[in-house]
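Raw contents of my_file-v2.cif, mmCIF, C-alpha atoms and all ligand atoms:
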data_structure
#
loop_
_atom_site.label_atom_id
_atom_site.label_comp_id
_atom_site.auth_asym_id
_atom_site.auth_seq_id
_atom_site.Cartn_x
_atom_site.Cartn_y
_atom_site.Cartn_z
CA MET A 1 171.04 -52.13 -72.35
CA ALA A 2 174.75 -51.22 -72.45
CA ALA A 3 175.62 -47.93 -70.79
CA LYS A 4 176.46 -45.13 -73.18
CA THR A 5 179.70 -43.24 -72.68
CA ILE A 6 180.23 -39.55 -73.27
CA THR A 7 183.05 -37.02 -73.17
CA VAL A 8 182.43 -33.79 -71.29
CA ASN A 9 184.55 -30.65 -71.10
CA LEU A 10 184.84 -29.38 -67.55
CA LYS A 11 185.66 -25.94 -66.22
CA VAL A 12 186.30 -26.49 -62.53
CA TRP A 13 186.92 -23.85 -59.89
CA ARG A 14 190.34 -24.55 -58.38
CA GLN A 15 191.35 -22.61 -55.30
CA PRO A 16 194.20 -23.92 -53.17
CA ALA A 17 193.03 -22.35 -49.91
CA ARG A 18 190.62 -19.87 -48.39
CA ASP A 19 193.05 -16.95 -48.54
CA GLN A 20 194.35 -17.63 -52.04
CA PRO A 21 192.83 -16.65 -55.39
CA GLY A 22 191.03 -19.23 -57.49
CA ARG A 23 190.36 -19.74 -61.19
CA LEU A 24 188.47 -22.01 -63.57
CA VAL A 25 190.67 -24.84 -64.86
CA GLU A 26 189.69 -26.90 -67.90
CA TYR A 27 189.68 -30.71 -67.94
CA VAL A 28 188.36 -33.24 -70.43
CA ALA A 29 186.50 -36.17 -68.86
CA LYS A 30 186.49 -39.06 -71.35
CA ASN A 31 184.60 -42.36 -71.40
CA ILE A 32 182.11 -41.24 -68.78
CA SER A 33 179.23 -43.69 -68.43
CA THR A 34 175.87 -41.97 -68.54
CA ASP A 35 174.90 -44.24 -65.64
CA MET A 36 177.47 -42.55 -63.41
CA SER A 37 176.47 -39.95 -60.88
CA PHE A 38 177.97 -36.48 -61.20
CA LEU A 39 180.25 -37.15 -58.23
CA GLU A 40 181.38 -40.48 -59.70
CA MET A 41 182.37 -38.54 -62.81
CA LEU A 42 184.46 -36.26 -60.58
CA ASP A 43 185.95 -39.37 -58.92
CA VAL A 44 187.10 -40.54 -62.37
CA VAL A 45 188.63 -37.14 -63.11
CA ASN A 46 190.39 -37.23 -59.73
CA GLU A 47 191.76 -40.74 -60.30
CA ASP A 48 193.32 -39.46 -63.50
CA LEU A 49 194.74 -36.37 -61.76
CA ILE A 50 196.23 -38.50 -58.99
CA ARG A 51 197.76 -40.90 -61.55
CA ARG A 52 199.43 -37.89 -63.16
CA GLY A 53 200.73 -36.66 -59.79
CA GLU A 54 198.41 -33.64 -59.73
CA ASP A 55 196.22 -32.35 -56.91
CA ALA A 56 192.78 -33.94 -56.86
CA ILE A 57 189.71 -31.66 -57.00
CA ALA A 58 188.35 -31.19 -53.47
CA PHE A 59 184.61 -31.60 -53.12
CA ASP A 60 182.28 -32.64 -50.30
CA SER A 61 180.19 -35.78 -50.18
CA ASP A 62 179.12 -38.38 -47.67
CA CYS A 63 175.96 -40.44 -48.11
CA ARG A 64 175.70 -40.01 -51.89
CA GLU A 65 172.03 -40.86 -51.46
CA GLY A 66 170.58 -37.35 -51.22
CA ILE A 67 170.02 -37.43 -47.47
CA CYS A 68 173.02 -35.99 -45.62
CA GLY A 69 173.41 -32.54 -47.18
CA ALA A 70 177.19 -32.78 -47.51
CA CYS A 71 177.46 -32.48 -51.28
CA GLY A 72 176.80 -29.45 -53.40
CA CYS A 73 178.30 -27.36 -56.12
CA VAL A 74 177.02 -24.92 -58.69
CA ILE A 75 176.71 -26.73 -62.02
CA ASN A 76 176.34 -24.52 -65.07
CA GLY A 77 175.11 -21.73 -62.84
CA ILE A 78 172.54 -23.77 -60.90
CA PRO A 79 173.14 -25.04 -57.36
CA HIS A 80 172.93 -28.87 -57.52
CA GLY A 81 172.56 -28.71 -61.31
CA PRO A 82 169.68 -28.91 -63.76
CA ASP A 83 167.35 -31.46 -62.11
CA ALA A 84 164.71 -30.09 -59.72
CA GLY A 85 164.54 -31.71 -56.29
CA THR A 86 167.90 -33.43 -56.77
CA THR A 87 171.17 -33.18 -54.86
CA THR A 88 174.50 -33.09 -56.69
CA CYS A 89 175.18 -36.70 -55.64
CA GLN A 90 171.90 -37.85 -57.17
CA LEU A 91 172.41 -36.03 -60.45
CA HIS A 92 173.38 -38.43 -63.23
CA MET A 93 175.57 -37.99 -66.27
CA ARG A 94 172.72 -39.05 -68.56
CA ARG A 95 171.48 -35.51 -67.98
CA PHE A 96 174.41 -34.19 -70.05
CA SER A 97 175.23 -34.64 -73.71
CA ASP A 98 178.38 -35.78 -75.45
CA GLY A 99 180.78 -32.85 -75.90
CA GLN A 100 178.91 -30.57 -73.49
CA THR A 101 180.86 -28.04 -71.44
CA ILE A 102 180.07 -28.12 -67.73
CA THR A 103 181.18 -25.33 -65.40
CA ILE A 104 181.51 -26.42 -61.76
CA GLU A 105 181.85 -23.87 -58.98
CA PRO A 106 181.51 -23.83 -55.19
CA TRP A 107 178.64 -22.19 -53.30
CA ARG A 108 179.38 -18.48 -53.36
CA ALA A 109 178.37 -16.52 -50.26
CA ARG A 110 180.27 -14.39 -47.79
CA ALA A 111 179.04 -16.61 -44.95
CA PHE A 112 180.27 -19.76 -46.76
CA PRO A 113 183.99 -19.09 -47.37
CA VAL A 114 185.70 -21.41 -49.83
CA LEU A 115 188.02 -23.85 -48.06
CA LYS A 116 189.46 -25.47 -51.17
CA ASP A 117 188.19 -25.88 -54.74
CA LEU A 118 184.51 -26.87 -54.43
CA THR A 119 184.39 -27.17 -50.64
CA VAL A 120 183.03 -24.36 -48.49
CA ASP A 121 182.77 -23.84 -44.75
CA ARG A 122 179.10 -24.26 -43.81
CA GLY A 123 179.78 -23.88 -40.09
CA ALA A 124 177.45 -20.87 -40.11
CA PHE A 125 174.50 -23.27 -40.50
CA ASP A 126 175.71 -25.31 -37.52
CA ARG A 127 175.91 -22.17 -35.42
CA ILE A 128 172.35 -21.17 -36.39
CA VAL A 129 171.08 -24.57 -35.26
CA ALA A 130 173.21 -24.42 -32.09
CA ALA A 131 171.60 -21.06 -31.29
CA GLY A 132 168.19 -22.66 -30.79
CA GLY A 133 167.30 -25.39 -33.28
CA TYR A 134 166.74 -28.06 -30.65
CA ILE A 135 164.54 -29.05 -27.73
CA SER A 136 166.39 -28.91 -24.42
CA ALA A 137 163.67 -30.24 -22.11
CA GLY A 138 164.58 -33.55 -20.49
CA VAL A 139 161.87 -35.88 -21.75
CA GLY A 140 163.08 -39.22 -20.42
CA GLY A 141 162.48 -42.32 -22.49
CA ALA A 142 160.44 -42.37 -25.67
CA GLN A 143 156.79 -41.95 -24.84
CA ASP A 144 153.93 -43.86 -26.31
CA ALA A 145 153.07 -42.25 -29.64
CA ASN A 146 149.49 -41.68 -28.51
CA SER A 147 150.41 -39.70 -25.38
CA ILE A 148 150.90 -36.43 -27.29
CA LEU A 149 148.38 -36.25 -30.08
CA VAL A 150 149.41 -34.22 -33.13
CA PRO A 151 146.91 -33.72 -35.97
CA LYS A 152 148.07 -35.49 -39.11
CA ASP A 153 148.18 -32.40 -41.31
CA ILE A 154 150.34 -30.58 -38.75
CA SER A 155 152.72 -33.51 -38.27
CA GLU A 156 153.08 -33.79 -42.04
CA ASP A 157 153.84 -30.06 -42.38
CA ALA A 158 156.43 -30.37 -39.61
CA MET A 159 158.05 -33.35 -41.32
CA ASP A 160 158.10 -31.52 -44.66
CA SER A 161 160.12 -28.74 -43.00
CA ALA A 162 162.31 -31.24 -41.17
CA ALA A 163 163.29 -32.64 -44.58
CA CYS A 164 165.83 -29.81 -44.96
CA ILE A 165 169.26 -31.44 -45.18
CA GLY A 166 171.24 -28.24 -44.58
CA CYS A 167 173.00 -28.37 -47.93
CA GLY A 168 173.17 -24.60 -48.46
CA ALA A 169 171.90 -24.54 -52.05
CA CYS A 170 169.25 -21.99 -51.04
CA VAL A 171 171.98 -19.58 -49.97
CA ALA A 172 174.00 -20.21 -53.12
CA ALA A 173 171.00 -19.51 -55.35
CA CYS A 174 169.95 -16.30 -53.61
CA LYS A 175 171.28 -13.05 -55.01
CA ASN A 176 171.40 -11.77 -51.43
CA ALA A 177 172.96 -15.00 -50.09
CA ALA A 178 170.10 -15.18 -47.60
CA ALA A 179 169.69 -18.19 -45.32
CA HIS A 180 165.98 -17.61 -44.74
CA LEU A 181 164.78 -20.88 -46.27
CA PHE A 182 167.15 -22.99 -44.18
CA THR A 183 166.47 -21.09 -40.95
CA GLY A 184 162.75 -20.95 -41.72
CA ALA A 185 162.59 -24.70 -42.18
CA LYS A 186 164.45 -25.35 -38.93
CA ILE A 187 162.24 -22.94 -36.95
CA THR A 188 159.02 -24.18 -38.57
CA HIS A 189 159.45 -27.88 -37.93
CA LEU A 190 159.85 -27.33 -34.18
CA ALA A 191 157.28 -24.52 -33.93
CA LEU A 192 154.57 -26.79 -35.32
CA LEU A 193 155.06 -29.57 -32.79
CA PRO A 194 153.99 -29.50 -29.12
CA GLN A 195 157.48 -30.62 -28.08
CA GLY A 196 158.91 -27.41 -29.55
CA ASP A 197 156.41 -25.09 -27.93
CA PRO A 198 158.09 -24.29 -24.56
CA GLU A 199 161.18 -22.78 -26.24
CA ARG A 200 159.35 -21.39 -29.25
CA GLU A 201 159.98 -17.68 -28.68
CA ARG A 202 163.58 -17.99 -27.53
CA ARG A 203 164.35 -20.28 -30.45
CA ALA A 204 162.95 -17.93 -33.09
CA ILE A 205 164.80 -14.90 -31.75
CA ARG A 206 168.12 -16.64 -31.24
CA MET A 207 168.17 -18.39 -34.61
CA VAL A 208 167.20 -15.28 -36.57
CA GLU A 209 169.75 -13.17 -34.71
CA GLN A 210 172.46 -15.77 -35.30
CA MET A 211 171.55 -15.87 -39.00
CA ASP A 212 172.08 -12.10 -39.17
CA GLU A 213 175.35 -12.30 -37.22
CA GLU A 214 176.75 -14.84 -39.67
CA GLY A 215 176.55 -12.33 -42.50
CA PHE A 216 173.76 -13.83 -44.60
CA GLY A 217 171.74 -11.34 -46.61
CA ASN A 218 168.09 -10.35 -46.45
CA CYS A 219 165.25 -12.06 -48.27
CA SER A 220 163.76 -10.09 -51.16
CA ASN A 221 161.18 -12.72 -52.13
CA GLU A 222 162.79 -13.87 -55.37
CA GLY A 223 162.04 -17.56 -54.71
CA GLU A 224 165.37 -18.76 -56.11
CA CYS A 225 165.94 -20.73 -52.89
CA GLU A 226 162.74 -22.72 -53.31
CA ALA A 227 163.55 -23.37 -56.98
CA VAL A 228 166.88 -25.10 -56.23
CA CYS A 229 166.09 -26.77 -52.91
CA PRO A 230 166.68 -30.51 -53.38
CA LYS A 231 164.05 -31.22 -50.71
CA LEU A 232 161.49 -28.87 -52.27
CA ILE A 233 161.11 -26.83 -49.08
CA PRO A 234 158.54 -24.10 -49.91
CA ILE A 235 159.10 -20.41 -49.16
CA SER A 236 156.04 -20.51 -46.90
CA ASN A 237 158.66 -21.58 -44.32
CA ILE A 238 160.15 -18.09 -44.61
CA ALA A 239 156.75 -16.50 -43.99
CA ARG A 240 156.36 -18.66 -40.90
CA MET A 241 159.83 -17.72 -39.67
CA VAL A 242 158.93 -14.04 -39.93
CA ARG A 243 155.66 -14.64 -38.08
CA GLU A 244 157.42 -16.67 -35.39
CA TYR A 245 160.05 -13.96 -34.94
CA ASN A 246 157.50 -11.13 -34.74
CA ARG A 247 155.34 -13.13 -32.33
CA ALA A 248 158.39 -13.84 -30.17
CA ILE A 249 159.43 -10.18 -30.05
CA TRP A 250 156.00 -9.25 -28.68
CA ARG A 251 155.72 -12.12 -26.23
CA MET A 252 159.22 -12.32 -24.77
CA PRO A 253 159.53 -10.51 -21.43
CA LYS A 254 161.35 -7.22 -21.84
CA ALA A 255 164.75 -6.99 -20.11
S1 LIG B 301 166.21 -25.35 -47.38
FE1 LIG B 301 166.67 -26.79 -49.09
S2 LIG B 301 168.37 -25.83 -50.18
FE2 LIG B 301 168.27 -24.86 -48.16
S3 LIG B 301 169.65 -26.01 -46.83
FE3 LIG B 301 167.61 -26.94 -46.60
S4 LIG B 301 167.55 -28.59 -48.11
FE4 LIG B 301 169.29 -27.30 -48.71
S1 LIG B 302 176.39 -36.72 -50.40
FE1 LIG B 302 174.76 -36.77 -48.93
S2 LIG B 302 173.23 -35.55 -49.87
FE2 LIG B 302 174.77 -35.69 -51.40
#

Could you write out this structure as structure tokens?
Amino acid sequence: MAAKTITVNLKVWRQPARDQPGRLVEYVAKNISTDMSFLEMLDVVNEDLIRRGEDAIAFDSDCREGICGACGCVINGIPHGPDAGTTTCQLHMRRFSDGQTITIEPWRARAFPVLKDLTVDRGAFDRIVAAGGYISAGVGGAQDANSILVPKDISEDAMDSAACIGCGACVAACKNAAAHLFTGAKITHLALLPQGDPERERRAIRMVEQMDEEGFGNCSNEGECEAVCPKLIPISNIARMVREYNRAIWRMPKA
């Protein structure tokens, strides 16, 4: 079946640099195949801008397969757009209708400053992970899978949390710009596994404290993060993070 083409009216956030003001600029994207991804549509718009000697719209992407977490913008008010469990790069233009107006904005959070247009600095997430989201024990070569037995339901829960790609949509959706779902997922996936146990307390304390230092807000249980997460990470990860933190506070030796 031949691909249908549509015309969409775009309102795109253009901001030349972090310390400069931004505004919504209107563009008309014509002859857009409904088989294109959302980012391919932006590529077409950019090709046209470059042909006309104008500045291309800056946006992040890498894998374009929904696995790296690089992409992400707010599309008509929803981080990653209208499809549940879908990253911006996996959203397709068939989801939009001919003549529709689409407003495209960057993640908006104090801890994610805009770098240019639709790109934001998500270094705060890297610093949260660097604060404790790893296992530092030297474990040598890969061991036989049967040497550390992990019950299947627990390994599956850990892998569900490990599915977080660090995109930041949860922060963008939250009215408090909280990073609890991201941090909760990172703490949970290691807390559930025996390999993560030796550093469990230190990890929980350091990651939560780093999250606070970065300027993210507090969770008020709205569930907006869960609703937009492209990996469908449930807010039970936040409950576990709180439990892990409280447990760590009681168990860590006092200075
Ligand atoms: S929890 Fe979901 S929305 Fe938040 S960073 Fe991870 S994958 Fe993205
Ligand atoms: S570009 Fe990698 S998840 Fe979208």

Inset, instruction - Record the distance separating CA of Asp212 in chain A and CA of Asn246 in chain A, expressed in Å with one decimal. - result: 15.3 Å

Inset, instruction - Using all atoms listed in the file, pick whichever of A:Met252, A:Val12, A:Ile154, A:Ala163 has the shortest atom-to-atom distance to Ile205 in chain A. - result: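 Of all the options, A:Met252 lies closest to Ile205 in chain A.
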
Per residue of chain A within 8 Å of ligand LIG 302 (chain B), which atom pair is closest and at what distance in Å (one decimal), using all atoms listed in the file, listed by chain and increasing number, as a Markdown table?
| residue | atom | partner | partner_atom | distance |
| --- | --- | --- | --- | --- |
| A:Asp60 | CA | B:LIG302 | S1 | 7.2 |
| A:Ser61 | CA | B:LIG302 | S1 | 3.9 |
| A:Asp62 | CA | B:LIG302 | S1 | 4.2 |
| A:Cys63 | CA | B:LIG302 | FE1 | 3.9 |
| A:Arg64 | CA | B:LIG302 | S1 | 3.7 |
| A:Glu65 | CA | B:LIG302 | FE1 | 5.5 |
| A:Gly66 | CA | B:LIG302 | S2 | 3.5 |
| A:Ile67 | CA | B:LIG302 | S2 | 4.4 |
| A:Cys68 | CA | B:LIG302 | FE1 | 3.8 |
| A:Gly69 | CA | B:LIG302 | S2 | 4.0 |
| A:Ala70 | CA | B:LIG302 | FE1 | 4.9 |
| A:Cys71 | CA | B:LIG302 | FE2 | 4.2 |
| A:Gly72 | CA | B:LIG302 | FE2 | 6.9 |
| A:Thr87 | CA | B:LIG302 | FE2 | 5.6 |
| A:Thr88 | CA | B:LIG302 | FE2 | 5.9 |
| A:Cys89 | CA | B:LIG302 | FE2 | 4.4 |
| A:Gln90 | CA | B:LIG302 | FE2 | 6.8 |
| A:Ile165 | CA | B:LIG302 | S2 | 7.4 |
| A:Cys167 | CA | B:LIG302 | S2 | 7.4 |

Go ahead and dump the residues you just picked, C-alpha atoms, as a JSON list (two decimals), in the frame of the given file.
[["chain", "number", "residue", "atom", "x", "y", "z"],
["A", 60, "ASP", "CA", 182.28, -32.64, -50.30],
["A", 61, "SER", "CA", 180.19, -35.78, -50.18],
["A", 62, "ASP", "CA", 179.12, -38.38, -47.67],
["A", 63, "CYS", "CA", 175.96, -40.44, -48.11],
["A", 64, "ARG", "CA", 175.70, -40.01, -51.89],
["A", 65, "GLU", "CA", 172.03, -40.86, -51.46],
["A", 66, "GLY", "CA", 170.58, -37.35, -51.22],
["A", 67, "ILE", "CA", 170.02, -37.43, -47.47],
["A", 68, "CYS", "CA", 173.02, -35.99, -45.62],
["A", 69, "GLY", "CA", 173.41, -32.54, -47.18],
["A", 70, "ALA", "CA", 177.19, -32.78, -47.51],
["A", 71, "CYS", "CA", 177.46, -32.48, -51.28],
["A", 72, "GLY", "CA", 176.80, -29.45, -53.40],
["A", 87, "THR", "CA", 171.17, -33.18, -54.86],
["A", 88, "THR", "CA", 174.50, -33.09, -56.69],
["A", 89, "CYS", "CA", 175.18, -36.70, -55.64],
["A", 90, "GLN", "CA", 171.90, -37.85, -57.17],
["A", 165, "ILE", "CA", 169.26, -31.44, -45.18],
["A", 167, "CYS", "CA", 173.00, -28.37, -47.93]]

Inset, instruction - Residues up to 6 Å from ligand LIG 301 (chain B), counting only C-alpha atoms and all ligand atoms: could you list those as a list in words? - result: Cys164, Ile165, Gly166, Cys167, Gly168, Ala169, Cys170, Leu181, Phe182, Cys229, Pro230, Lys231 and Ile233 of chain A

Keeping only C-alpha atoms, take the residues you just selected and write them out as a PDB file, keeping the file's coordinate frame.
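Printed below is part_37.pdb as written:
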ATOM      1  CA  CYS A 164     165.830 -29.810 -44.960  1.00  0.00           C
ATOM      2  CA  ILE A 165     169.260 -31.440 -45.180  1.00  0.00           C
ATOM      3  CA  GLY A 166     171.240 -28.240 -44.580  1.00  0.00           C
ATOM      4  CA  CYS A 167     173.000 -28.370 -47.930  1.00  0.00           C
ATOM      5  CA  GLY A 168     173.170 -24.600 -48.460  1.00  0.00           C
ATOM      6  CA  ALA A 169     171.900 -24.540 -52.050  1.00  0.00           C
ATOM      7  CA  CYS A 170     169.250 -21.990 -51.040  1.00  0.00           C
ATOM      8  CA  LEU A 181     164.780 -20.880 -46.270  1.00  0.00           C
ATOM      9  CA  PHE A 182     167.150 -22.990 -44.180  1.00  0.00           C
ATOM     10  CA  CYS A 229     166.090 -26.770 -52.910  1.00  0.00           C
ATOM     11  CA  PRO A 230     166.680 -30.510 -53.380  1.00  0.00           C
ATOM     12  CA  LYS A 231     164.050 -31.220 -50.710  1.00  0.00           C
ATOM     13  CA  ILE A 233     161.110 -26.830 -49.080  1.00  0.00           C
TER      14      ILE A 233
END

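In this comparison, which uses only C-alpha atoms, the residue of A:Asp98, A:Asp55, A:Glu244, A:Asp19 approaching Glu201 in chain A most closely is A:Glu244.
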
Inset, instruction - Would you list the residues near (175.2, -39.0, -66.7), meaning any protein, DNA or RNA residue with an atom at most 6 Å from that point in file coordinates, counting all atoms listed in the file, as number ranges by chain? - result: A: 34-36, 92-96

Take the selection from the previous step and output its residues with C-alpha atoms, as an mmCIF file, keeping the file's coordinate frame.
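Contents of the output file out_10.cif:
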data_model
loop_
_atom_site.group_PDB
_atom_site.id
_atom_site.type_symbol
_atom_site.label_atom_id
_atom_site.label_comp_id
_atom_site.auth_asym_id
_atom_site.auth_seq_id
_atom_site.Cartn_x
_atom_site.Cartn_y
_atom_site.Cartn_z
ATOM 1 C CA THR A 34 175.870 -41.970 -68.540
ATOM 2 C CA ASP A 35 174.900 -44.240 -65.640
ATOM 3 C CA MET A 36 177.470 -42.550 -63.410
ATOM 4 C CA HIS A 92 173.380 -38.430 -63.230
ATOM 5 C CA MET A 93 175.570 -37.990 -66.270
ATOM 6 C CA ARG A 94 172.720 -39.050 -68.560
ATOM 7 C CA ARG A 95 171.480 -35.510 -67.980
ATOM 8 C CA PHE A 96 174.410 -34.190 -70.050
#

Legend entry - Top pick for closest residue to Ala172 in chain A, considering A:Lys116, A:Arg127, A:Arg200, A:Arg110 and counting all atoms listed in the file: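 Among the listed residues, the smallest separation from Ala172 in chain A belongs to A:Arg110.
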
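For the residues A:Pro21, A:Gly123, A:Pro151, A:Gly184, ranking by smallest atom-to-atom distance to Ala204 in chain A using only C-alpha atoms places A:Gly184 first.
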
Inset, instruction - Mind giving me the straight-line distance from CA of Thr119 in chain A to CA of Ser161 in chain A in Å, one decimal? - result: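 Computed distance, CA of Thr119 in chain A to CA of Ser161 in chain A, equals 25.5 Å.
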
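For the residues A:Asp43, A:Asp160, A:Asp126, A:Asp144, ranking by smallest atom-to-atom distance to Glu214 in chain A using all atoms listed in the file places A:Asp126 first.
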
Inset, instruction - Considering all atoms listed in the file, state which residue in the set A:Val120, A:Ala239, A:Cys174, A:Ala131 is at the smallest distance from Gly223 in chain A. - result: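 Between A:Val120, A:Ala239, A:Cys174, A:Ala131, the residue approaching Gly223 in chain A most closely is A:Cys174.
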
Legend entry - Protein and nucleic acid residues near (163.3, -12.1, -40.5) (cut-off 12 Å, all atoms listed in the file) as a ChimeraX atom specification: /A:178-181,183-184,187,204-212,216-221,237-249

Just the selected residues (C-alpha atoms), exported as an mmCIF file, keeping the file's coordinate frame, please.
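Result file follows (result-v4.cif):
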data_model
loop_
_atom_site.group_PDB
_atom_site.id
_atom_site.type_symbol
_atom_site.label_atom_id
_atom_site.label_comp_id
_atom_site.auth_asym_id
_atom_site.auth_seq_id
_atom_site.Cartn_x
_atom_site.Cartn_y
_atom_site.Cartn_z
ATOM 1 C CA ALA A 178 170.100 -15.180 -47.600
ATOM 2 C CA ALA A 179 169.690 -18.190 -45.320
ATOM 3 C CA HIS A 180 165.980 -17.610 -44.740
ATOM 4 C CA LEU A 181 164.780 -20.880 -46.270
ATOM 5 C CA THR A 183 166.470 -21.090 -40.950
ATOM 6 C CA GLY A 184 162.750 -20.950 -41.720
ATOM 7 C CA ILE A 187 162.240 -22.940 -36.950
ATOM 8 C CA ALA A 204 162.950 -17.930 -33.090
ATOM 9 C CA ILE A 205 164.800 -14.900 -31.750
ATOM 10 C CA ARG A 206 168.120 -16.640 -31.240
ATOM 11 C CA MET A 207 168.170 -18.390 -34.610
ATOM 12 C CA VAL A 208 167.200 -15.280 -36.570
ATOM 13 C CA GLU A 209 169.750 -13.170 -34.710
ATOM 14 C CA GLN A 210 172.460 -15.770 -35.300
ATOM 15 C CA MET A 211 171.550 -15.870 -39.000
ATOM 16 C CA ASP A 212 172.080 -12.100 -39.170
ATOM 17 C CA PHE A 216 173.760 -13.830 -44.600
ATOM 18 C CA GLY A 217 171.740 -11.340 -46.610
ATOM 19 C CA ASN A 218 168.090 -10.350 -46.450
ATOM 20 C CA CYS A 219 165.250 -12.060 -48.270
ATOM 21 C CA SER A 220 163.760 -10.090 -51.160
ATOM 22 C CA ASN A 221 161.180 -12.720 -52.130
ATOM 23 C CA ASN A 237 158.660 -21.580 -44.320
ATOM 24 C CA ILE A 238 160.150 -18.090 -44.610
ATOM 25 C CA ALA A 239 156.750 -16.500 -43.990
ATOM 26 C CA ARG A 240 156.360 -18.660 -40.900
ATOM 27 C CA MET A 241 159.830 -17.720 -39.670
ATOM 28 C CA VAL A 242 158.930 -14.040 -39.930
ATOM 29 C CA ARG A 243 155.660 -14.640 -38.080
ATOM 30 C CA GLU A 244 157.420 -16.670 -35.390
ATOM 31 C CA TYR A 245 160.050 -13.960 -34.940
ATOM 32 C CA ASN A 246 157.500 -11.130 -34.740
ATOM 33 C CA ARG A 247 155.340 -13.130 -32.330
ATOM 34 C CA ALA A 248 158.390 -13.840 -30.170
ATOM 35 C CA ILE A 249 159.430 -10.180 -30.050
#
